[in-house]
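Novice: Input file: input.cif. Contents: mmCIF, C-alpha atoms and all ligand atoms.
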data_run
#
loop_
_atom_site.label_atom_id
_atom_site.label_comp_id
_atom_site.auth_asym_id
_atom_site.auth_seq_id
_atom_site.Cartn_x
_atom_site.Cartn_y
_atom_site.Cartn_z
CA MET A 1 -41.18 55.88 -45.68
CA SER A 2 -40.75 52.07 -45.68
CA GLN A 3 -43.75 49.82 -45.99
CA GLU A 4 -43.10 48.55 -42.46
CA THR A 5 -43.06 52.08 -41.07
CA LEU A 6 -46.15 52.98 -43.06
CA VAL A 7 -47.90 50.02 -41.53
CA ALA A 8 -46.58 50.88 -38.09
CA THR A 9 -47.82 54.41 -38.35
CA GLU A 10 -51.38 53.28 -39.04
CA THR A 11 -53.54 54.42 -36.18
CA ALA A 12 -54.20 51.61 -33.70
CA ALA A 13 -57.79 50.45 -33.35
CA PRO A 14 -59.67 53.32 -31.68
CA SER A 15 -60.74 51.07 -28.77
CA ALA A 16 -57.04 50.67 -27.88
CA PHE A 17 -57.14 54.29 -26.76
CA VAL A 18 -58.47 55.28 -23.36
CA GLN A 19 -61.74 57.06 -24.09
CA VAL A 20 -64.30 58.94 -22.02
CA LYS A 21 -67.91 57.91 -21.80
CA GLY A 22 -69.78 60.20 -19.46
CA LYS A 23 -67.98 60.16 -16.13
CA GLN A 24 -66.24 56.88 -16.89
CA PHE A 25 -63.05 55.97 -18.75
CA GLN A 26 -63.41 53.20 -21.31
CA LEU A 27 -60.68 50.98 -22.74
CA ALA A 28 -61.39 48.31 -25.37
CA GLY A 29 -65.08 48.87 -24.76
CA LYS A 30 -64.88 48.18 -20.99
CA PRO A 31 -64.70 50.53 -17.98
CA TYR A 32 -61.05 51.51 -17.30
CA TYR A 33 -59.99 51.73 -13.65
CA PHE A 34 -56.35 51.86 -12.67
CA VAL A 35 -53.63 52.15 -10.07
CA GLY A 36 -50.88 54.49 -11.15
CA THR A 37 -47.83 56.34 -10.01
CA ASN A 38 -45.85 59.45 -10.81
CA PHE A 39 -42.78 58.37 -12.73
CA TRP A 40 -41.77 61.80 -13.98
CA TYR A 41 -38.19 60.74 -14.77
CA GLY A 42 -39.17 57.81 -17.01
CA ALA A 43 -37.95 59.49 -20.20
CA TYR A 44 -34.66 60.35 -18.51
CA LEU A 45 -34.06 56.71 -17.60
CA GLY A 46 -35.02 55.76 -21.17
CA ALA A 47 -32.21 57.77 -22.76
CA ALA A 48 -29.44 55.73 -24.34
CA GLY A 49 -25.99 55.45 -22.81
CA ALA A 50 -24.84 57.19 -19.67
CA LYS A 51 -27.50 59.92 -19.95
CA GLY A 52 -30.10 57.30 -19.05
CA ASP A 53 -30.30 53.87 -17.46
CA ARG A 54 -32.33 51.58 -19.65
CA ALA A 55 -31.57 48.48 -17.59
CA ARG A 56 -32.95 50.20 -14.50
CA LEU A 57 -35.97 51.46 -16.47
CA ILE A 58 -36.88 47.93 -17.51
CA GLN A 59 -36.44 46.74 -13.92
CA GLU A 60 -38.69 49.55 -12.65
CA LEU A 61 -41.41 48.87 -15.22
CA ASP A 62 -41.35 45.15 -14.44
CA GLN A 63 -41.67 45.79 -10.69
CA LEU A 64 -44.47 48.32 -11.22
CA LYS A 65 -46.34 45.93 -13.52
CA ALA A 66 -45.96 43.12 -10.98
CA ALA A 67 -47.42 45.44 -8.33
CA GLY A 68 -50.41 46.20 -10.58
CA VAL A 69 -49.29 49.79 -11.19
CA THR A 70 -50.02 50.41 -14.87
CA ASN A 71 -50.68 54.13 -15.33
CA LEU A 72 -47.60 56.34 -15.30
CA ARG A 73 -47.50 60.14 -15.16
CA VAL A 74 -44.38 61.27 -17.01
CA LEU A 75 -42.55 64.57 -17.58
CA ALA A 76 -42.37 65.18 -21.34
CA ALA A 77 -40.82 68.65 -21.31
CA SER A 78 -38.35 70.49 -19.09
CA GLU A 79 -36.48 73.75 -19.66
CA ALA A 80 -32.82 74.54 -19.09
CA SER A 81 -32.71 77.10 -16.31
CA ALA A 82 -30.58 78.95 -13.80
CA LEU A 83 -33.15 77.98 -11.14
CA VAL A 84 -30.85 76.34 -8.61
CA MET A 85 -33.17 73.39 -7.93
CA SER A 86 -34.13 72.70 -11.54
CA LEU A 87 -33.56 69.41 -13.30
CA LYS A 88 -30.36 68.97 -15.33
CA PRO A 89 -30.17 68.08 -18.17
CA ALA A 90 -33.29 69.65 -19.62
CA ILE A 91 -35.31 68.50 -22.60
CA GLN A 92 -35.67 72.04 -23.97
CA THR A 93 -32.04 73.21 -23.86
CA ALA A 94 -32.86 76.68 -25.20
CA PRO A 95 -36.01 78.21 -26.68
CA GLY A 96 -37.16 75.76 -29.36
CA GLN A 97 -34.06 73.52 -29.04
CA ILE A 98 -34.75 69.91 -27.97
CA ASP A 99 -32.28 67.39 -26.53
CA GLU A 100 -33.15 64.57 -28.92
CA ASP A 101 -31.51 62.04 -26.58
CA LEU A 102 -34.19 62.71 -23.97
CA TRP A 103 -37.10 62.51 -26.39
CA GLN A 104 -35.60 59.27 -27.67
CA GLY A 105 -35.67 58.30 -24.00
CA LEU A 106 -39.39 59.02 -24.05
CA ASP A 107 -39.66 56.92 -27.23
CA PHE A 108 -37.98 54.02 -25.45
CA LEU A 109 -40.15 54.43 -22.35
CA LEU A 110 -43.36 54.42 -24.38
CA ALA A 111 -42.23 51.36 -26.34
CA GLU A 112 -41.49 49.47 -23.10
CA MET A 113 -44.75 50.64 -21.53
CA ALA A 114 -46.69 49.39 -24.58
CA LYS A 115 -45.15 45.94 -24.10
CA ARG A 116 -46.56 45.93 -20.58
CA GLU A 117 -49.98 47.34 -21.53
CA MET A 118 -49.33 50.47 -19.48
CA LYS A 119 -50.81 53.90 -20.14
CA ALA A 120 -48.96 57.24 -19.98
CA VAL A 121 -50.05 60.72 -18.95
CA LEU A 122 -47.51 63.13 -20.42
CA PHE A 123 -47.25 66.54 -18.76
CA LEU A 124 -45.94 69.31 -20.99
CA ASN A 125 -44.94 72.11 -18.60
CA ASN A 126 -44.57 72.88 -14.91
CA PHE A 127 -45.93 75.67 -12.76
CA TRP A 128 -43.08 74.96 -10.31
CA GLN A 129 -39.34 75.56 -10.59
CA TRP A 130 -37.97 71.99 -10.58
CA SER A 131 -38.08 71.49 -14.34
CA GLY A 132 -37.67 75.09 -15.49
CA GLY A 133 -41.29 75.35 -16.50
CA MET A 134 -43.43 78.42 -16.87
CA SER A 135 -41.10 80.75 -14.98
CA GLN A 136 -38.28 79.80 -17.36
CA TYR A 137 -40.48 80.61 -20.36
CA VAL A 138 -41.12 84.01 -18.72
CA ALA A 139 -37.37 84.56 -18.26
CA TRP A 140 -36.66 83.57 -21.85
CA GLN A 141 -39.21 86.01 -23.20
CA THR A 142 -38.62 88.96 -20.90
CA GLY A 143 -34.88 88.64 -20.47
CA GLU A 144 -35.45 89.09 -16.75
CA PRO A 145 -33.54 86.85 -14.34
CA VAL A 146 -35.61 83.96 -12.99
CA LEU A 147 -37.30 84.67 -9.68
CA ASP A 148 -35.79 81.73 -7.82
CA PRO A 149 -37.95 80.68 -4.85
CA ASP A 150 -35.16 78.52 -3.44
CA LEU A 151 -33.09 81.71 -3.11
CA THR A 152 -35.74 84.37 -2.40
CA LYS A 153 -37.99 82.07 -0.31
CA ASP A 154 -40.81 84.27 -1.63
CA TRP A 155 -43.23 81.66 -3.00
CA ASN A 156 -46.07 84.09 -3.62
CA ALA A 157 -43.86 86.26 -5.84
CA PHE A 158 -42.66 83.10 -7.63
CA MET A 159 -46.22 81.94 -8.28
CA GLN A 160 -47.32 85.34 -9.54
CA ASN A 161 -44.30 85.42 -11.84
CA SER A 162 -45.02 81.93 -13.18
CA ALA A 163 -48.60 82.97 -13.92
CA ARG A 164 -47.31 85.72 -16.23
CA PHE A 165 -46.75 82.84 -18.65
CA TYR A 166 -50.45 82.71 -19.49
CA ARG A 167 -50.39 86.26 -20.84
CA LEU A 168 -47.12 86.20 -22.80
CA ALA A 169 -47.78 85.56 -26.50
CA GLU A 170 -44.20 84.59 -27.41
CA SER A 171 -44.07 82.13 -24.52
CA GLN A 172 -47.36 80.60 -25.59
CA ALA A 173 -46.11 80.27 -29.16
CA LEU A 174 -42.92 78.56 -27.98
CA TYR A 175 -44.88 76.21 -25.69
CA ARG A 176 -47.33 75.32 -28.48
CA SER A 177 -44.47 74.72 -30.88
CA LEU A 178 -42.99 72.18 -28.48
CA ILE A 179 -46.41 70.55 -27.99
CA LYS A 180 -46.95 70.30 -31.75
CA GLN A 181 -43.45 68.84 -32.26
CA LEU A 182 -44.10 66.14 -29.69
CA ILE A 183 -47.61 65.23 -30.76
CA GLU A 184 -46.48 64.97 -34.36
CA ARG A 185 -43.31 63.05 -33.45
CA THR A 186 -42.78 59.53 -34.71
CA ASN A 187 -41.46 57.19 -32.05
CA THR A 188 -37.94 56.21 -33.16
CA VAL A 189 -38.29 52.80 -31.50
CA THR A 190 -41.76 51.72 -32.63
CA GLY A 191 -42.29 53.84 -35.74
CA VAL A 192 -45.70 54.85 -34.34
CA ALA A 193 -46.70 58.52 -34.42
CA TYR A 194 -47.28 59.86 -30.89
CA LYS A 195 -50.76 61.08 -31.86
CA ALA A 196 -51.57 57.56 -33.04
CA ASP A 197 -50.11 55.76 -30.01
CA PRO A 198 -52.73 54.33 -27.62
CA THR A 199 -50.02 54.05 -24.94
CA ILE A 200 -50.49 57.79 -24.48
CA MET A 201 -53.71 58.17 -22.53
CA SER A 202 -53.53 61.91 -22.00
CA TRP A 203 -51.69 65.07 -22.95
CA GLN A 204 -51.50 67.20 -19.84
CA LEU A 205 -51.13 70.99 -19.98
CA ALA A 206 -48.71 71.22 -17.06
CA ASN A 207 -47.83 70.01 -13.60
CA GLU A 208 -50.06 71.84 -11.11
CA PRO A 209 -50.90 74.94 -13.19
CA ARG A 210 -52.23 77.63 -10.85
CA PRO A 211 -53.68 81.09 -11.73
CA GLY A 212 -51.10 82.64 -9.40
CA SER A 213 -51.35 83.26 -5.69
CA GLY A 214 -53.65 85.06 -3.28
CA GLU A 215 -55.50 88.27 -4.05
CA ALA A 216 -53.23 89.10 -7.01
CA GLY A 217 -53.87 85.63 -8.40
CA ALA A 218 -57.59 86.36 -8.63
CA GLU A 219 -56.76 88.97 -11.28
CA ASN A 220 -55.42 86.12 -13.44
CA ALA A 221 -58.49 83.93 -13.09
CA GLU A 222 -60.02 84.86 -16.43
CA VAL A 223 -56.82 84.55 -18.45
CA TYR A 224 -56.10 81.24 -16.67
CA VAL A 225 -59.48 79.78 -17.64
CA GLN A 226 -59.00 81.03 -21.20
CA TRP A 227 -55.49 79.52 -21.33
CA VAL A 228 -56.81 76.13 -20.24
CA HIS A 229 -59.58 76.18 -22.84
CA GLU A 230 -57.47 77.40 -25.75
CA THR A 231 -54.51 75.13 -25.02
CA ALA A 232 -56.76 72.10 -24.56
CA GLN A 233 -58.47 72.92 -27.86
CA PHE A 234 -55.08 73.26 -29.58
CA ILE A 235 -54.00 69.83 -28.32
CA LYS A 236 -57.30 68.17 -29.10
CA GLN A 237 -57.12 69.39 -32.70
CA LEU A 238 -53.64 67.85 -33.06
CA ALA A 239 -54.43 64.60 -31.20
CA PRO A 240 -58.17 63.88 -31.44
CA GLN A 241 -57.81 60.22 -30.39
CA GLN A 242 -56.15 60.98 -27.07
CA LEU A 243 -57.39 62.70 -23.94
CA VAL A 244 -56.51 66.13 -22.58
CA SER A 245 -56.15 67.01 -18.89
CA THR A 246 -54.92 70.03 -16.97
CA GLY A 247 -52.73 68.61 -14.15
CA SER A 248 -54.61 70.74 -11.64
CA GLU A 249 -54.44 70.08 -7.88
CA GLY A 250 -58.16 70.76 -7.58
CA SER A 251 -59.57 73.68 -5.64
CA ARG A 252 -56.28 74.09 -3.74
CA GLY A 253 -54.71 74.81 -7.12
CA ALA A 254 -57.42 77.31 -8.02
CA LEU A 255 -56.95 79.89 -5.29
CA ASP A 256 -59.02 77.66 -2.93
CA ASP A 257 -62.02 78.48 -5.12
CA MET A 258 -63.92 75.39 -6.26
CA ASN A 259 -65.99 77.52 -8.64
CA LEU A 260 -62.80 78.62 -10.38
CA PHE A 261 -61.68 74.97 -10.58
CA ILE A 262 -65.04 74.08 -12.13
CA GLU A 263 -64.89 76.98 -14.57
CA ALA A 264 -61.36 76.01 -15.65
CA HIS A 265 -62.53 72.46 -16.38
CA GLN A 266 -65.78 73.17 -18.19
CA SER A 267 -64.07 73.36 -21.56
CA PRO A 268 -65.30 70.53 -23.82
CA PHE A 269 -61.64 69.98 -24.72
CA VAL A 270 -60.75 69.02 -21.13
CA ASP A 271 -61.74 65.37 -21.04
CA TYR A 272 -61.36 64.56 -17.34
CA LEU A 273 -60.60 66.19 -14.01
CA THR A 274 -57.48 65.79 -11.89
CA PHE A 275 -56.83 66.71 -8.30
CA HIS A 276 -53.82 66.27 -6.02
CA LEU A 277 -53.78 65.60 -2.28
CA TRP A 278 -51.01 66.91 -0.01
CA PRO A 279 -51.80 66.52 3.72
CA LYS A 280 -48.27 67.57 4.68
CA ASN A 281 -47.83 70.47 2.26
CA TRP A 282 -51.29 71.82 3.15
CA GLN A 283 -50.62 71.45 6.88
CA TRP A 284 -53.30 68.86 7.51
CA PHE A 285 -50.88 66.22 8.81
CA ASP A 286 -47.47 66.49 10.49
CA ILE A 287 -45.39 63.30 10.48
CA THR A 288 -43.47 64.57 13.50
CA GLN A 289 -46.80 64.87 15.34
CA ALA A 290 -48.33 61.84 13.68
CA GLU A 291 -50.40 60.51 16.59
CA GLN A 292 -51.84 63.97 17.22
CA THR A 293 -52.59 64.91 13.61
CA TYR A 294 -53.50 61.65 11.88
CA GLU A 295 -57.24 61.50 12.58
CA SER A 296 -57.91 65.13 11.67
CA GLY A 297 -55.53 64.98 8.71
CA LEU A 298 -57.24 61.90 7.33
CA ALA A 299 -60.71 63.39 7.84
CA THR A 300 -59.73 66.59 6.02
CA ALA A 301 -58.14 64.60 3.20
CA LYS A 302 -61.24 62.44 2.79
CA THR A 303 -63.41 65.54 2.66
CA TYR A 304 -61.20 66.96 -0.09
CA ILE A 305 -61.49 63.72 -2.05
CA GLU A 306 -65.28 63.60 -1.67
CA GLN A 307 -65.64 67.26 -2.70
CA HIS A 308 -63.86 66.59 -5.98
CA ILE A 309 -65.78 63.39 -6.66
CA ALA A 310 -69.00 65.35 -6.19
CA VAL A 311 -67.84 68.05 -8.62
CA ALA A 312 -66.74 65.52 -11.24
CA ASP A 313 -70.03 63.66 -10.89
CA GLN A 314 -71.89 66.91 -11.39
CA MET A 315 -69.74 67.82 -14.42
CA ASN A 316 -70.12 64.26 -15.76
CA LYS A 317 -66.38 63.88 -16.32
CA PRO A 318 -64.01 61.16 -14.99
CA LEU A 319 -61.75 62.07 -12.07
CA VAL A 320 -58.20 61.02 -11.17
CA MET A 321 -56.43 61.57 -7.85
CA GLU A 322 -53.23 62.20 -9.72
CA GLU A 323 -50.82 62.92 -6.89
CA PHE A 324 -50.75 62.12 -3.20
CA GLY A 325 -47.84 61.42 -0.89
CA ILE A 326 -46.91 60.88 2.75
CA GLU A 327 -43.40 60.94 4.26
CA ARG A 328 -41.62 58.00 5.89
CA ASP A 329 -41.97 57.67 9.65
CA GLY A 330 -40.11 60.23 11.73
CA ALA A 331 -39.50 62.35 8.62
CA ASP A 332 -36.59 59.98 7.97
CA TYR A 333 -35.68 59.99 4.23
CA ARG A 334 -33.66 56.79 4.35
CA PRO A 335 -35.03 53.64 2.64
CA GLN A 336 -34.63 51.71 5.89
CA ALA A 337 -37.08 54.01 7.67
CA THR A 338 -40.52 52.49 8.25
CA THR A 339 -43.69 53.68 6.53
CA VAL A 340 -46.44 52.94 9.04
CA TRP A 341 -48.24 56.27 8.64
CA ARG A 342 -47.81 56.30 4.84
CA ASP A 343 -49.32 52.82 4.65
CA LYS A 344 -52.26 53.87 6.83
CA PHE A 345 -53.04 56.86 4.61
CA TYR A 346 -52.57 54.89 1.37
CA SER A 347 -54.89 52.14 2.63
CA GLU A 348 -57.58 54.62 3.68
CA PHE A 349 -57.39 56.53 0.37
CA PHE A 350 -57.56 53.32 -1.65
CA GLN A 351 -60.53 51.99 0.33
CA LEU A 352 -62.39 55.23 -0.35
CA ILE A 353 -61.57 55.15 -4.07
CA GLU A 354 -62.66 51.51 -4.34
CA LYS A 355 -65.94 52.23 -2.53
CA GLU A 356 -66.83 55.25 -4.65
CA ALA A 357 -65.74 53.67 -7.94
CA LYS A 358 -67.81 50.59 -7.12
CA ALA A 359 -70.77 52.91 -6.53
CA GLY A 360 -70.38 54.17 -10.10
CA ARG A 361 -69.01 57.58 -9.19
CA SER A 362 -66.50 59.56 -11.26
CA ILE A 363 -63.27 58.55 -9.47
CA ALA A 364 -61.41 56.10 -11.74
CA GLY A 365 -57.96 55.82 -10.27
CA SER A 366 -54.97 57.45 -8.66
CA ASN A 367 -51.24 58.01 -9.14
CA PHE A 368 -49.27 58.05 -5.92
CA TRP A 369 -46.37 60.48 -5.60
CA THR A 370 -44.05 58.80 -6.18
CA TRP A 371 -42.11 55.77 -7.39
CA GLY A 372 -38.45 55.84 -6.34
CA GLY A 373 -37.82 52.15 -7.04
CA ALA A 374 -34.13 51.27 -7.09
CA GLY A 375 -33.05 54.91 -7.00
CA ARG A 376 -30.84 55.85 -4.07
CA THR A 377 -29.11 59.05 -2.99
CA GLN A 378 -25.51 58.97 -1.80
CA ARG A 379 -25.76 62.51 -0.41
CA ALA A 380 -25.59 63.03 3.34
CA ASP A 381 -27.74 66.14 2.84
CA PHE A 382 -30.25 64.28 0.59
CA ILE A 383 -30.00 67.12 -1.95
CA TRP A 384 -30.10 65.95 -5.57
CA GLN A 385 -27.26 66.97 -7.86
CA ALA A 386 -26.93 66.52 -11.62
CA GLY A 387 -25.72 63.01 -12.35
CA ASP A 388 -27.29 61.51 -9.24
CA ASP A 389 -29.86 58.72 -9.42
CA TYR A 390 -33.36 59.88 -10.24
CA LEU A 391 -35.72 59.20 -7.36
CA GLY A 392 -39.40 60.05 -7.30
CA ASP A 393 -38.56 63.23 -5.41
CA PRO A 394 -37.69 66.02 -7.84
CA PRO A 395 -34.51 68.08 -7.33
CA GLN A 396 -36.13 70.68 -5.06
CA GLU A 397 -37.01 68.17 -2.36
CA PRO A 398 -35.03 65.82 -0.11
CA GLN A 399 -34.32 62.57 -1.93
CA GLY A 400 -36.49 60.09 -0.09
CA LEU A 401 -39.19 62.51 1.05
CA ASN A 402 -42.14 60.86 -0.70
CA SER A 403 -40.45 58.13 -2.76
CA VAL A 404 -41.73 54.57 -2.54
CA PHE A 405 -38.66 52.40 -2.92
CA ASP A 406 -38.36 48.92 -4.43
CA GLN A 407 -37.83 47.45 -0.95
CA ASP A 408 -40.94 49.04 0.59
CA GLN A 409 -42.76 45.71 0.73
CA SER A 410 -45.61 46.82 3.01
CA THR A 411 -46.55 49.67 0.68
CA ILE A 412 -46.12 47.54 -2.43
CA GLY A 413 -48.44 44.97 -0.84
CA ILE A 414 -51.07 47.67 -0.36
CA LEU A 415 -50.69 48.70 -4.00
CA LYS A 416 -51.13 45.10 -5.15
CA ALA A 417 -54.30 44.65 -3.09
CA HIS A 418 -55.70 47.92 -4.42
CA ALA A 419 -54.91 46.91 -7.99
CA ALA A 420 -56.74 43.63 -7.51
CA ALA A 421 -59.78 45.53 -6.19
CA MET A 422 -59.73 48.06 -9.03
CA ASN A 423 -59.29 45.36 -11.67
CA ALA A 424 -62.35 43.57 -10.26
CA LEU A 425 -64.60 46.61 -10.82
O1 LIG B 1 -46.17 68.38 -8.37
C1 LIG B 1 -45.74 68.35 -7.21
N1 LIG B 1 -46.57 68.29 -6.17
C2 LIG B 1 -46.16 68.04 -4.83
C3 LIG B 1 -44.83 67.35 -4.80
C4 LIG B 1 -44.40 67.07 -3.36
O2 LIG B 1 -44.28 68.24 -2.61
C5 LIG B 1 -43.83 68.20 -5.55
O3 LIG B 1 -42.56 67.60 -5.56
C6 LIG B 1 -44.27 68.41 -7.00
O4 LIG B 1 -43.86 69.68 -7.46
#
As structure tokens, please, write out the structure in this file.
Ligand SMILES: O=C1NC[C@H](CO)[C@@H](O)[C@@H]1O
Specialist:
Amino acid sequence: MSQETLVATETAAPSAFVQVKGKQFQLAGKPYYFVGTNFWYGAYLGAAGAKGDRARLIQELDQLKAAGVTNLRVLAASEASALVMSLKPAIQTAPGQIDEDLWQGLDFLLAEMAKREMKAVLFLNNFWQWSGGMSQYVAWQTGEPVLDPDLTKDWNAFMQNSARFYRLAESQALYRSLIKQLIERTNTVTGVAYKADPTIMSWQLANEPRPGSGEAGAENAEVYVQWVHETAQFIKQLAPQQLVSTGSEGSRGALDDMNLFIEAHQSPFVDYLTFHLWPKNWQWFDITQAEQTYESGLATAKTYIEQHIAVADQMNKPLVMEEFGIERDGADYRPQATTVWRDKFYSEFFQLIEKEAKAGRSIAGSNFWTWGGAGRTQRADFIWQAGDDYLGDPPQEPQGLNSVFDQDQSTIGILKAHAAAMNAL
């Protein structure tokens, strides 16, 4: 290894890493509060040549930085799959086989993020179908065809099938092998080992890992809690300077059982709590009945936020509202559609976060779902196809559903104001 690389691989000063002190994040010895977004496709844009779009990536990072958005949640693993709405190409092309172009895309993304003093949360799996995820691991191990929810429309069966992942030893070994490969990877752009890179704030077990669904899901509760603890411990042993999180939605992602959410996050190897907030998906707000459902939807959402702040305070761990999204007005996916209701919800959520953070409570930041930036669909049906622009909306959802585009000036203004408030804490 060259002298330069040796030097580059020296671990950065510990304070450069985001750390946890009680229920607060610390960075460089000061409290760390942030405004973030979900930028799951960042590594894909970072790939060289036609597989990626590095010019667009740099443009997106510059616009996000200018808006005060400096914490990015990024997909670090995806699995090749016959699931009709899954991402193509995939990072894991076959069991244990990695598309090096896409991990070099992640290298490039992290290098560009470091230049902009941004922090990354890397999620390593997916409970849902849009990146292969746990149900693809199950298919690889069992040889059974994937249970495709976009064909069967049976989401409970899909969720129960995904949850089989927690019990399958070969799948766990394959998943851990990928995790170990990535944590021990040396960034081909910077020469810095991933485990020594302070740009990486957190290794995240998965996107929205759930124990399963309904009554049957309750039978998985124990193995789910054990999976969280053991996987978090495995990661922490490999990357002791970085944080570990689950990617949970909160109680809604724990069979609507807050006690199960608490139990799953008690592990000393889980450094902070995450929750997600989906007024539309959880039928609290209907954009097509916006006047009628806004007040009650907002009240329910605020209650959900407060419940999770209370739990994190009690557990003495930091808390991040790691996903939330609202459609464009009239359920219109087009960038020219207005975002009055989205802006109202974003403003209310940010005011609540600012108030509670200022009061010294556990909430430290949020990542809206999701940055679409310059991405645009050319499809009349808004359905993503391989080779299309990446928007914030993953392949299984209409392109434009929750994406905040580069021209959404009202929303970007709200983000900037929130960033100023959070930076002043
Ligand atoms: O992680 C997620 N949570 C909700 C998003 C919007 O429905 C969805 O696209 C994604 O799977």
Novice: Neighbours of ligand LIG 1 (chain B) at 8 Å or closer, counting all atoms listed in the file: which residues, as a list in words?
Specialist: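 After applying the 8 Å limit, what remains is Trp128, Trp130, Asn207, Glu208, His276, Trp278, Asn281, Glu323, Phe324, Gly325, Trp369, Asp393, Pro394, Gln396, Glu397 and Asn402 of chain A.
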Novice: For Pro145 in chain A, work out the shell of residues within 12 Å, counting all atoms listed in the file and skipping chain neighbours fewer than 6 positions away, then give it as number ranges by chain.
Specialist: A: 81-83, 135-139, 158, 161
Novice: Could you list, as number ranges by chain, every residue within 12 Å of Ala299 in chain A, counting only C-alpha atoms and ignoring same-chain residues fewer than 2 positions away?
Specialist: A: 279, 284-285, 293-297, 301-306, 345, 348-349, 352
Novice: Write out as a ChimeraX atom specification which residues come within 9 Å of Ile183 in chain A when counting all atoms listed in the file, dropping same-chain ones fewer than 5 positions away.
Specialist: /A:178,193-196,203,235,238-239
Novice: Between range 69-103 of chain A and range 115-124 of chain A, at 9 Å or less, what are the per-residue closest atom pairs and their distances in Å? Count only C-alpha atoms, order by chain and rising residue number, and return it as a tab-separated table.
Specialist:
residue	atom	partner	partner_atom	distance
A:Val69	CA	A:Met118	CA	8.3
A:Thr70	CA	A:Met118	CA	4.7
A:Asn71	CA	A:Lys119	CA	4.8
A:Leu72	CA	A:Ala120	CA	5.0
A:Arg73	CA	A:Val121	CA	4.6
A:Val74	CA	A:Leu122	CA	5.0
A:Leu75	CA	A:Phe123	CA	5.2
A:Ala76	CA	A:Leu124	CA	5.5
A:Ala77	CA	A:Leu124	CA	5.2
A:Ser78	CA	A:Leu124	CA	7.9
Novice: Nearest to Gly375 in chain A among A:Trp155, A:Tyr41, A:Phe17, A:Tyr224, with distances taken over all atoms listed in the file: which residue is it?
Specialist: A:Tyr41
Novice: Figure out the distance between CA of Gln237 in chain A and CA of Tyr32 in chain A, please, to one decimal in Å.
Specialist: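 Between these atoms lies a distance of 23.9 Å.
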